[in-house]
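A.B. asks: Next comes the structure file model.cif, holding mmCIF, C-alpha atoms.
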data_upload
loop_
_atom_site.label_atom_id
_atom_site.label_comp_id
_atom_site.auth_asym_id
_atom_site.auth_seq_id
_atom_site.Cartn_x
_atom_site.Cartn_y
_atom_site.Cartn_z
CA MET A 1 76.08 57.91 152.05
CA THR A 2 74.61 61.04 153.62
CA VAL A 3 71.13 61.97 152.42
CA LEU A 4 71.12 65.38 150.75
CA LEU A 5 67.61 65.35 149.29
CA VAL A 6 64.29 64.00 150.53
CA ALA A 7 61.60 63.37 147.93
CA THR A 8 58.09 62.99 149.26
CA ASP A 9 54.75 62.20 147.73
CA LEU A 10 51.89 64.46 148.80
CA ASP A 11 48.48 62.79 149.10
CA GLY A 12 48.48 59.95 151.59
CA THR A 13 52.10 60.64 152.52
CA LEU A 14 53.09 64.20 153.44
CA LEU A 15 49.49 65.41 153.66
CA ARG A 16 47.06 64.13 156.22
CA SER A 17 43.99 62.25 155.04
CA ASP A 18 41.95 65.46 155.06
CA GLY A 19 44.47 67.09 152.72
CA THR A 20 46.00 69.40 155.32
CA VAL A 21 49.61 69.86 156.45
CA SER A 22 50.17 69.61 160.19
CA ASP A 23 52.04 72.27 162.12
CA ARG A 24 54.62 69.66 163.08
CA THR A 25 55.25 68.70 159.46
CA ARG A 26 55.54 72.32 158.42
CA SER A 27 58.09 72.92 161.20
CA ALA A 28 60.03 69.76 160.30
CA ILE A 29 60.33 70.88 156.66
CA ALA A 30 61.57 74.32 157.70
CA ALA A 31 64.10 72.85 160.14
CA ALA A 32 65.38 70.34 157.58
CA VAL A 33 65.86 73.04 154.95
CA ALA A 34 67.63 75.22 157.50
CA ARG A 35 70.07 72.32 158.09
CA GLY A 36 70.81 72.21 154.36
CA LEU A 37 68.58 69.26 153.46
CA GLN A 38 66.77 69.64 150.15
CA VAL A 39 63.06 68.77 150.09
CA VAL A 40 61.27 68.00 146.83
CA PHE A 41 57.57 67.25 146.40
CA VAL A 42 56.87 64.47 143.88
CA THR A 43 53.19 64.01 143.08
CA GLY A 44 50.68 62.68 140.62
CA ARG A 45 48.77 65.93 140.94
CA PRO A 46 48.49 68.22 137.91
CA THR A 47 49.84 71.74 138.24
CA ARG A 48 46.45 73.29 138.97
CA TRP A 49 46.32 71.18 142.14
CA LEU A 50 49.59 72.71 143.37
CA ALA A 51 48.08 76.13 144.03
CA GLY A 52 48.58 77.09 147.67
CA LEU A 53 51.01 74.23 148.35
CA ASP A 54 53.86 76.63 149.09
CA GLU A 55 51.74 78.44 151.68
CA ALA A 56 50.40 75.22 153.21
CA THR A 57 53.85 73.66 153.61
CA GLY A 58 55.96 76.79 154.02
CA HIS A 59 58.21 75.44 151.28
CA ALA A 60 58.62 76.47 147.64
CA GLY A 61 60.92 74.92 145.09
CA ILE A 62 60.87 72.65 142.06
CA THR A 63 58.02 70.15 142.29
CA VAL A 64 57.66 67.03 140.19
CA ALA A 65 54.02 66.92 139.05
CA SER A 66 51.81 64.65 136.94
CA ASN A 67 53.82 61.54 137.89
CA GLY A 68 57.06 62.92 136.45
CA ALA A 69 55.71 64.50 133.27
CA VAL A 70 56.05 68.07 134.57
CA LEU A 71 58.68 70.00 136.52
CA TYR A 72 57.00 72.98 138.16
CA ASP A 73 58.46 75.98 139.97
CA LEU A 74 56.27 76.55 143.03
CA ALA A 75 57.83 79.90 143.81
CA GLY A 76 57.51 81.28 140.30
CA HIS A 77 54.25 79.45 139.49
CA ALA A 78 55.71 78.29 136.19
CA VAL A 79 56.15 75.07 134.24
CA LEU A 80 59.86 74.39 133.68
CA ARG A 81 59.72 71.18 131.65
CA GLU A 82 57.07 68.89 130.19
CA HIS A 83 57.23 65.37 128.76
CA PRO A 84 53.83 64.81 127.12
CA LEU A 85 52.22 61.99 125.21
CA ARG A 86 52.01 62.86 121.51
CA PRO A 87 48.67 62.78 119.65
CA VAL A 88 49.70 59.68 117.70
CA GLU A 89 50.48 57.90 120.97
CA LEU A 90 47.21 59.04 122.53
CA ALA A 91 45.23 57.79 119.53
CA THR A 92 46.87 54.36 119.61
CA ILE A 93 46.55 53.96 123.37
CA THR A 94 42.90 54.97 123.53
CA GLU A 95 42.03 52.72 120.60
CA LEU A 96 43.63 49.69 122.26
CA LEU A 97 42.12 50.39 125.66
CA ARG A 98 38.62 51.08 124.32
CA ALA A 99 38.68 47.77 122.45
CA ALA A 100 39.81 45.87 125.56
CA PHE A 101 37.77 47.82 128.11
CA PRO A 102 34.50 49.04 126.51
CA ASN A 103 33.40 50.69 129.77
CA ALA A 104 36.56 52.79 130.03
CA ARG A 105 36.16 56.55 129.74
CA PHE A 106 39.00 58.94 129.03
CA ALA A 107 40.21 62.32 130.20
CA ALA A 108 43.44 64.21 129.55
CA GLU A 109 45.57 66.97 130.99
CA HIS A 110 46.42 69.37 128.14
CA GLY A 111 48.55 72.02 129.80
CA ALA A 112 46.03 74.45 131.28
CA ASP A 113 43.07 72.43 129.96
CA PHE A 114 41.36 69.40 131.44
CA VAL A 115 39.32 67.63 128.77
CA PHE A 116 37.14 64.57 129.16
CA GLU A 117 34.59 62.43 127.37
CA PRO A 118 31.00 63.52 128.08
CA ASP A 119 30.23 60.47 130.26
CA TYR A 120 33.54 60.54 132.15
CA GLN A 121 32.70 61.12 135.82
CA PRO A 122 35.28 63.34 137.59
CA THR A 123 36.06 61.95 141.02
CA TRP A 124 37.43 65.17 142.46
CA GLU A 125 36.71 68.81 141.92
CA ILE A 126 38.45 69.65 138.65
CA ASN A 127 39.45 73.17 139.64
CA PRO A 128 40.19 73.60 143.35
CA PRO A 129 38.97 77.00 144.61
CA GLU A 130 42.47 78.40 145.08
CA SER A 131 43.74 77.33 141.65
CA GLY A 132 42.42 80.26 139.64
CA SER A 133 40.91 79.92 136.20
CA TRP A 134 41.50 76.71 134.30
CA SER A 135 39.66 75.43 131.26
CA MET A 136 37.62 72.25 131.55
CA ARG A 137 35.36 70.89 128.86
CA ALA A 138 33.70 67.76 127.57
CA VAL A 139 34.98 66.73 124.14
CA SER A 140 34.81 63.83 121.73
CA LEU A 141 37.55 61.22 121.90
CA THR A 142 38.85 62.52 118.57
CA GLU A 143 39.31 65.99 120.07
CA LEU A 144 40.75 64.57 123.28
CA VAL A 145 43.66 62.89 121.47
CA ALA A 146 44.32 65.76 119.05
CA GLU A 147 46.77 67.63 121.32
CA PRO A 148 49.74 66.51 123.44
CA ALA A 149 48.81 65.52 127.01
CA VAL A 150 51.00 65.21 130.09
CA LYS A 151 48.60 62.64 131.51
CA LEU A 152 45.87 60.43 130.10
CA LEU A 153 43.28 59.20 132.60
CA VAL A 154 41.32 56.00 132.06
CA LYS A 155 38.41 55.34 134.39
CA ASP A 156 36.18 52.36 135.06
CA LEU A 157 34.79 52.59 138.59
CA ALA A 158 33.67 48.94 138.49
CA ALA A 159 37.22 47.67 137.88
CA ASP A 160 39.62 46.42 140.52
CA PRO A 161 42.48 48.95 140.37
CA ASP A 162 45.36 46.45 140.64
CA GLN A 163 43.89 44.02 138.13
CA TYR A 164 42.98 46.89 135.80
CA LEU A 165 46.57 48.12 135.95
CA ALA A 166 48.06 44.68 135.30
CA GLU A 167 45.84 44.07 132.28
CA ALA A 168 46.54 47.50 130.81
CA VAL A 169 50.30 47.13 131.28
CA GLY A 170 50.19 43.80 129.43
CA LEU A 171 48.06 45.26 126.66
CA LEU A 172 50.19 48.35 125.98
CA ALA A 173 53.48 46.44 126.30
CA GLY A 174 55.83 49.32 127.07
CA SER A 175 54.30 51.84 124.66
CA ALA A 176 53.36 54.03 127.65
CA THR A 177 53.91 54.27 131.39
CA ILE A 178 50.84 53.16 133.31
CA THR A 179 50.21 53.43 137.03
CA HIS A 180 47.51 54.15 139.57
CA SER A 181 47.25 56.04 142.84
CA SER A 182 43.56 55.61 143.68
CA PRO A 183 41.55 52.96 145.51
CA PHE A 184 39.27 52.53 142.47
CA GLY A 185 39.63 51.86 138.76
CA LEU A 186 41.48 54.94 137.58
CA LEU A 187 44.63 54.47 135.50
CA GLU A 188 47.17 57.26 134.96
CA ILE A 189 49.13 57.05 131.72
CA ALA A 190 52.24 58.99 130.73
CA ALA A 191 54.74 58.89 127.88
CA PRO A 192 57.11 55.89 127.77
CA GLY A 193 59.79 56.14 130.46
CA VAL A 194 58.08 59.01 132.28
CA THR A 195 57.68 58.21 135.97
CA LYS A 196 58.16 59.87 139.31
CA ALA A 197 61.69 58.45 139.17
CA SER A 198 62.50 60.14 135.86
CA GLY A 199 61.18 63.48 137.10
CA LEU A 200 63.03 63.18 140.39
CA ALA A 201 66.24 62.25 138.55
CA GLU A 202 65.93 65.48 136.55
CA VAL A 203 65.64 67.53 139.73
CA ALA A 204 68.52 65.67 141.38
CA GLN A 205 70.74 66.32 138.37
CA LEU A 206 69.88 70.03 138.49
CA ARG A 207 70.82 70.04 142.17
CA GLY A 208 74.05 68.04 141.74
CA VAL A 209 72.72 65.14 143.83
CA THR A 210 73.12 61.43 143.05
CA ALA A 211 70.46 58.76 143.52
CA ALA A 212 72.45 57.37 146.45
CA GLN A 213 72.03 60.70 148.24
CA VAL A 214 68.24 60.69 147.89
CA ALA A 215 65.64 59.37 150.33
CA ALA A 216 62.13 58.90 148.91
CA VAL A 217 58.84 58.25 150.67
CA GLY A 218 55.44 57.32 149.25
CA ASP A 219 52.26 55.33 149.62
CA MET A 220 50.86 54.17 146.26
CA PRO A 221 51.98 52.21 143.16
CA ASN A 222 52.84 55.40 141.27
CA ASP A 223 55.57 55.92 143.89
CA LEU A 224 57.28 52.58 143.21
CA PRO A 225 59.66 53.81 140.47
CA MET A 226 61.08 56.62 142.62
CA LEU A 227 61.39 54.31 145.63
CA ALA A 228 63.40 51.90 143.48
CA TRP A 229 65.58 54.73 142.12
CA ALA A 230 66.39 56.44 145.42
CA GLY A 231 69.25 55.34 147.64
CA ARG A 232 66.87 54.99 150.58
CA SER A 233 63.16 54.18 150.29
CA TYR A 234 60.40 54.60 152.85
CA ALA A 235 56.69 53.77 152.94
CA VAL A 236 54.12 55.27 155.25
CA ALA A 237 52.28 52.65 157.29
CA ASN A 238 49.02 53.32 155.43
CA ALA A 239 50.65 52.52 152.07
CA HIS A 240 49.49 50.10 149.39
CA PRO A 241 50.78 46.54 150.03
CA ALA A 242 53.12 46.72 147.02
CA VAL A 243 54.74 49.86 148.43
CA LEU A 244 55.10 48.33 151.88
CA ASP A 245 56.86 45.36 150.30
CA ALA A 246 59.19 47.50 148.20
CA ALA A 247 60.35 50.03 150.80
CA ASP A 248 63.54 49.69 152.82
CA LYS A 249 61.75 50.96 155.93
CA ILE A 250 58.20 51.60 157.05
CA LEU A 251 57.33 54.83 158.82
CA ALA A 252 54.27 55.87 160.82
CA ARG A 253 50.98 56.74 159.11
CA ASN A 254 50.54 59.95 157.15
CA ASP A 255 48.06 61.15 159.79
CA ASP A 256 50.78 60.69 162.42
CA ASP A 257 53.32 62.95 160.67
CA ALA A 258 55.43 60.18 159.16
CA VAL A 259 57.39 62.52 156.88
CA ALA A 260 58.16 64.82 159.81
CA ASP A 261 59.61 61.80 161.65
CA LEU A 262 61.80 61.02 158.63
CA LEU A 263 63.02 64.60 158.25
CA ASP A 264 63.82 64.86 161.94
CA SER A 265 65.84 61.62 161.77
CA LEU A 266 68.06 62.89 158.95
CA ARG A 267 70.33 65.19 160.88
CA GLY A 268 73.55 64.39 159.07
#
Give the structure from the file, written as C-alpha cells.
C.D. replies:
Amino acid sequence: MTVLLVATDLDGTLLRSDGTVSDRTRSAIAAAVARGLQVVFVTGRPTRWLAGLDEATGHAGITVASNGAVLYDLAGHAVLREHPLRPVELATITELLRAAFPNARFAAEHGADFVFEPDYQPTWEINPPESGSWSMRAVSLTELVAEPAVKLLVKDLAADPDQYLAEAVGLLAGSATITHSSPFGLLEIAAPGVTKASGLAEVAQLRGVTAAQVAAVGDMPNDLPMLAWAGRSYAVANAHPAVLDAADKILARNDDDAVADLLDSLRG
C-alpha cells in the first residue's frame, strides 16, 4: 500500500548528533510535503523542547511528544491532547520503584512544570534557551506525585539501561508503560497503554490514514511500539540493537541524513 504518512523520531534519527537539522533533510521534508506526503514528528521530548523545531525543520504540524502522552500543535504552539498518569498511579509506581531501587531518583513533567527530587541530577538543560519561561523546582516525593504527570522519570546513573528497564517492566506488571531512550539508567514512564504508537495512531486517525499507510523510523527502545504499529518500519544504522532487529529495513546513520533518504525514496 502507498505510504501517505512518515513518522520520524527526532533525536538520533531526524536530527544529527549535534542536535541540528541538515539543509538536505530540511529540503527533503519540504519536497515530500509538496508531493502530498504527510510528515509527523514523534518524540520523547516534552513540549518545552519543541520550541524552534518548526523553524529548524521548516515544517509545522501536529507533533507527538512525551512518548505519546501529548499531541502538540507546532504551528499554534498549543497542547491538543494529554494522557497523563494520575496521582494515585504516580504514588503507587514511585513506592514500588523506590522499594526495589533505593538509589532511584524521580522527576516529573507536570504540564508547564518540571519537578524533581532535590538529589535528582538533570542530564540536560531543563529549559532550552529558546523555550521561554518554564517552571522548574525541587520538591519532595509527596509533592511530586500530587498532580497528574505526562511523564515520570526514574534515574539511576549506575544502572545498565536495558537491565533497569527489564526489571522495572517486570515489577510494574502492566500498570504503566515503561521505556528508555538514553544510553544510561533513565527510565521514562507513562500511563498504561500510552506509547509513541498510541500517539501516532491518534494523529493518523485525525488525518484519515491507516497503519498500513504509515512508515515509521526511529533509533531507540521507545520507538519500538510505533515501529511495530506502522505498515513499514525503518531503523537508522546508529540505532539500538533491539530497534535494528525489529525494523523492516535499515537506513543510513542519522548524521548521514537517513530520514532524507527515506523521504526521497517515497515518491508514490
A.B. asks: Find the distance between atom CA of A:Thr8 and atom CA of A:Asp223 and write it in Å to one decimal.
C.D. replies: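 Separating atom CA of A:Thr8 from atom CA of A:Asp223 is a distance of 9.2 Å.
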A.B. asks: Neighbours of stretch 160-169 of chain A within 9 Å (all atoms listed in the file; same-chain residues fewer than 5 positions away dropped), as a VMD selection string?
C.D. replies: chain A and resid 97 100 174 176 to 187
A.B. asks: Could those residues be written to a file, using C-alpha atoms, as an mmCIF file, in the frame of the given file?
C.D. replies:
data_model
loop_
_atom_site.group_PDB
_atom_site.id
_atom_site.type_symbol
_atom_site.label_atom_id
_atom_site.label_comp_id
_atom_site.auth_asym_id
_atom_site.auth_seq_id
_atom_site.Cartn_x
_atom_site.Cartn_y
_atom_site.Cartn_z
ATOM 1 C CA LEU A 97 42.120 50.390 125.660
ATOM 2 C CA ALA A 100 39.810 45.870 125.560
ATOM 3 C CA GLY A 174 55.830 49.320 127.070
ATOM 4 C CA ALA A 176 53.360 54.030 127.650
ATOM 5 C CA THR A 177 53.910 54.270 131.390
ATOM 6 C CA ILE A 178 50.840 53.160 133.310
ATOM 7 C CA THR A 179 50.210 53.430 137.030
ATOM 8 C CA HIS A 180 47.510 54.150 139.570
ATOM 9 C CA SER A 181 47.250 56.040 142.840
ATOM 10 C CA SER A 182 43.560 55.610 143.680
ATOM 11 C CA PRO A 183 41.550 52.960 145.510
ATOM 12 C CA PHE A 184 39.270 52.530 142.470
ATOM 13 C CA GLY A 185 39.630 51.860 138.760
ATOM 14 C CA LEU A 186 41.480 54.940 137.580
ATOM 15 C CA LEU A 187 44.630 54.470 135.500
#
A.B. asks: Considering all atoms listed in the file, give me a table of residues in stretch 36-66 of chain A that are at most 12 Å from stretch 245-264 of chain A, with the closest atom pair and distance in Å for each, as a Markdown table.
C.D. replies:
| residue | atom | partner | partner_atom | distance |
| --- | --- | --- | --- | --- |
| A:Gly36 | CA | A:Leu263 | CA | 11.6 |
| A:Leu37 | CA | A:Leu263 | CA | 8.7 |
| A:Gln38 | CA | A:Leu263 | CA | 10.3 |
| A:Val39 | CA | A:Leu263 | CA | 9.2 |
| A:Phe41 | CA | A:Val259 | CA | 11.5 |
| A:Thr57 | CA | A:Ala260 | CA | 11.6 |
A.B. asks: Find the spatial neighbours of A:Val40, counting all atoms listed in the file, within a cut-off of 9 Å - ignore same-chain residues fewer than 6 positions away - and output them as an NGL selection string.
C.D. replies: :A and (5-9 or 60-64 or 200 or 203)
A.B. asks: Pick the closest to A:Arg26 from A:Glu117, A:Glu55, A:Glu95, A:Glu109: which is it, counting only C-alpha atoms?
C.D. replies: A:Glu55
A.B. asks: What's the separation between atom CA of A:Ala30 and atom CA of A:His77, in Å to one decimal place?
C.D. replies: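 Between these atoms lies a distance of 20.3 Å.
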A.B. asks: Could you tell me which of A:Ala197, A:Ala51, A:Gly218, A:Gly76 comes closest to A:Ala230 if we count only C-alpha atoms?
C.D. replies: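 Result for the nearest residue to A:Ala230: A:Ala197.
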A.B. asks: Excluding A:His110 and its own-chain neighbours fewer than 3 positions away, which residues fall within 9 Å of it when counting all atoms listed in the file? Please give them as a list of chain:residue names.
C.D. replies: A:Pro84, A:Asp113, A:Phe114, A:Val115, A:Leu144, A:Glu147, A:Pro148, A:Ala149, A:Val150, A:Lys151
A.B. asks: Given all atoms listed in the file as the basis, pick out the residue of A:Leu152, A:Leu141, A:Ala190, A:Leu10 nearest to A:Trp49.
C.D. replies: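 Residue with the minimum atom-to-atom distance to A:Trp49: A:Leu10.
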A.B. asks: Identify, on the basis of all atoms listed in the file, every residue whose closest approach to stretch 138-140 of chain A does not exceed 12 Å; exclude the query and any residue fewer than 2 positions from it along the same chain; express the result as a ChimeraX atom specification.
C.D. replies: /A:105-108,113-122,135-136,142-146
A.B. asks: From the set A:Asp18, A:Gly58, A:Gly208, A:Pro102, which residue has the shortest atom-to-atom contact distance to A:Ala31, counting only C-alpha atoms?
C.D. replies: A:Gly58
A.B. asks: Determine, counting all atoms listed in the file, which protein, DNA and RNA residues have an atom within 9 Å of an atom of A:Asn103; residues of the same chain fewer than 5 positions away are not included. Present the result as a list in words.
C.D. replies: Arg98, Lys155, Asp156 and Ala158 of chain A
A.B. asks: Quick one, how far is atom CA of A:Arg35 from atom CA of A:Arg207?
C.D. replies: 16.1 Å
A.B. asks: Choose the residue, out of A:Gly231, A:Gly199, A:Pro192, A:Pro221, that has the smallest atom-to-atom separation from A:Ile93; count all atoms listed in the file.
C.D. replies: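 Result for the nearest residue to A:Ile93: A:Pro192.
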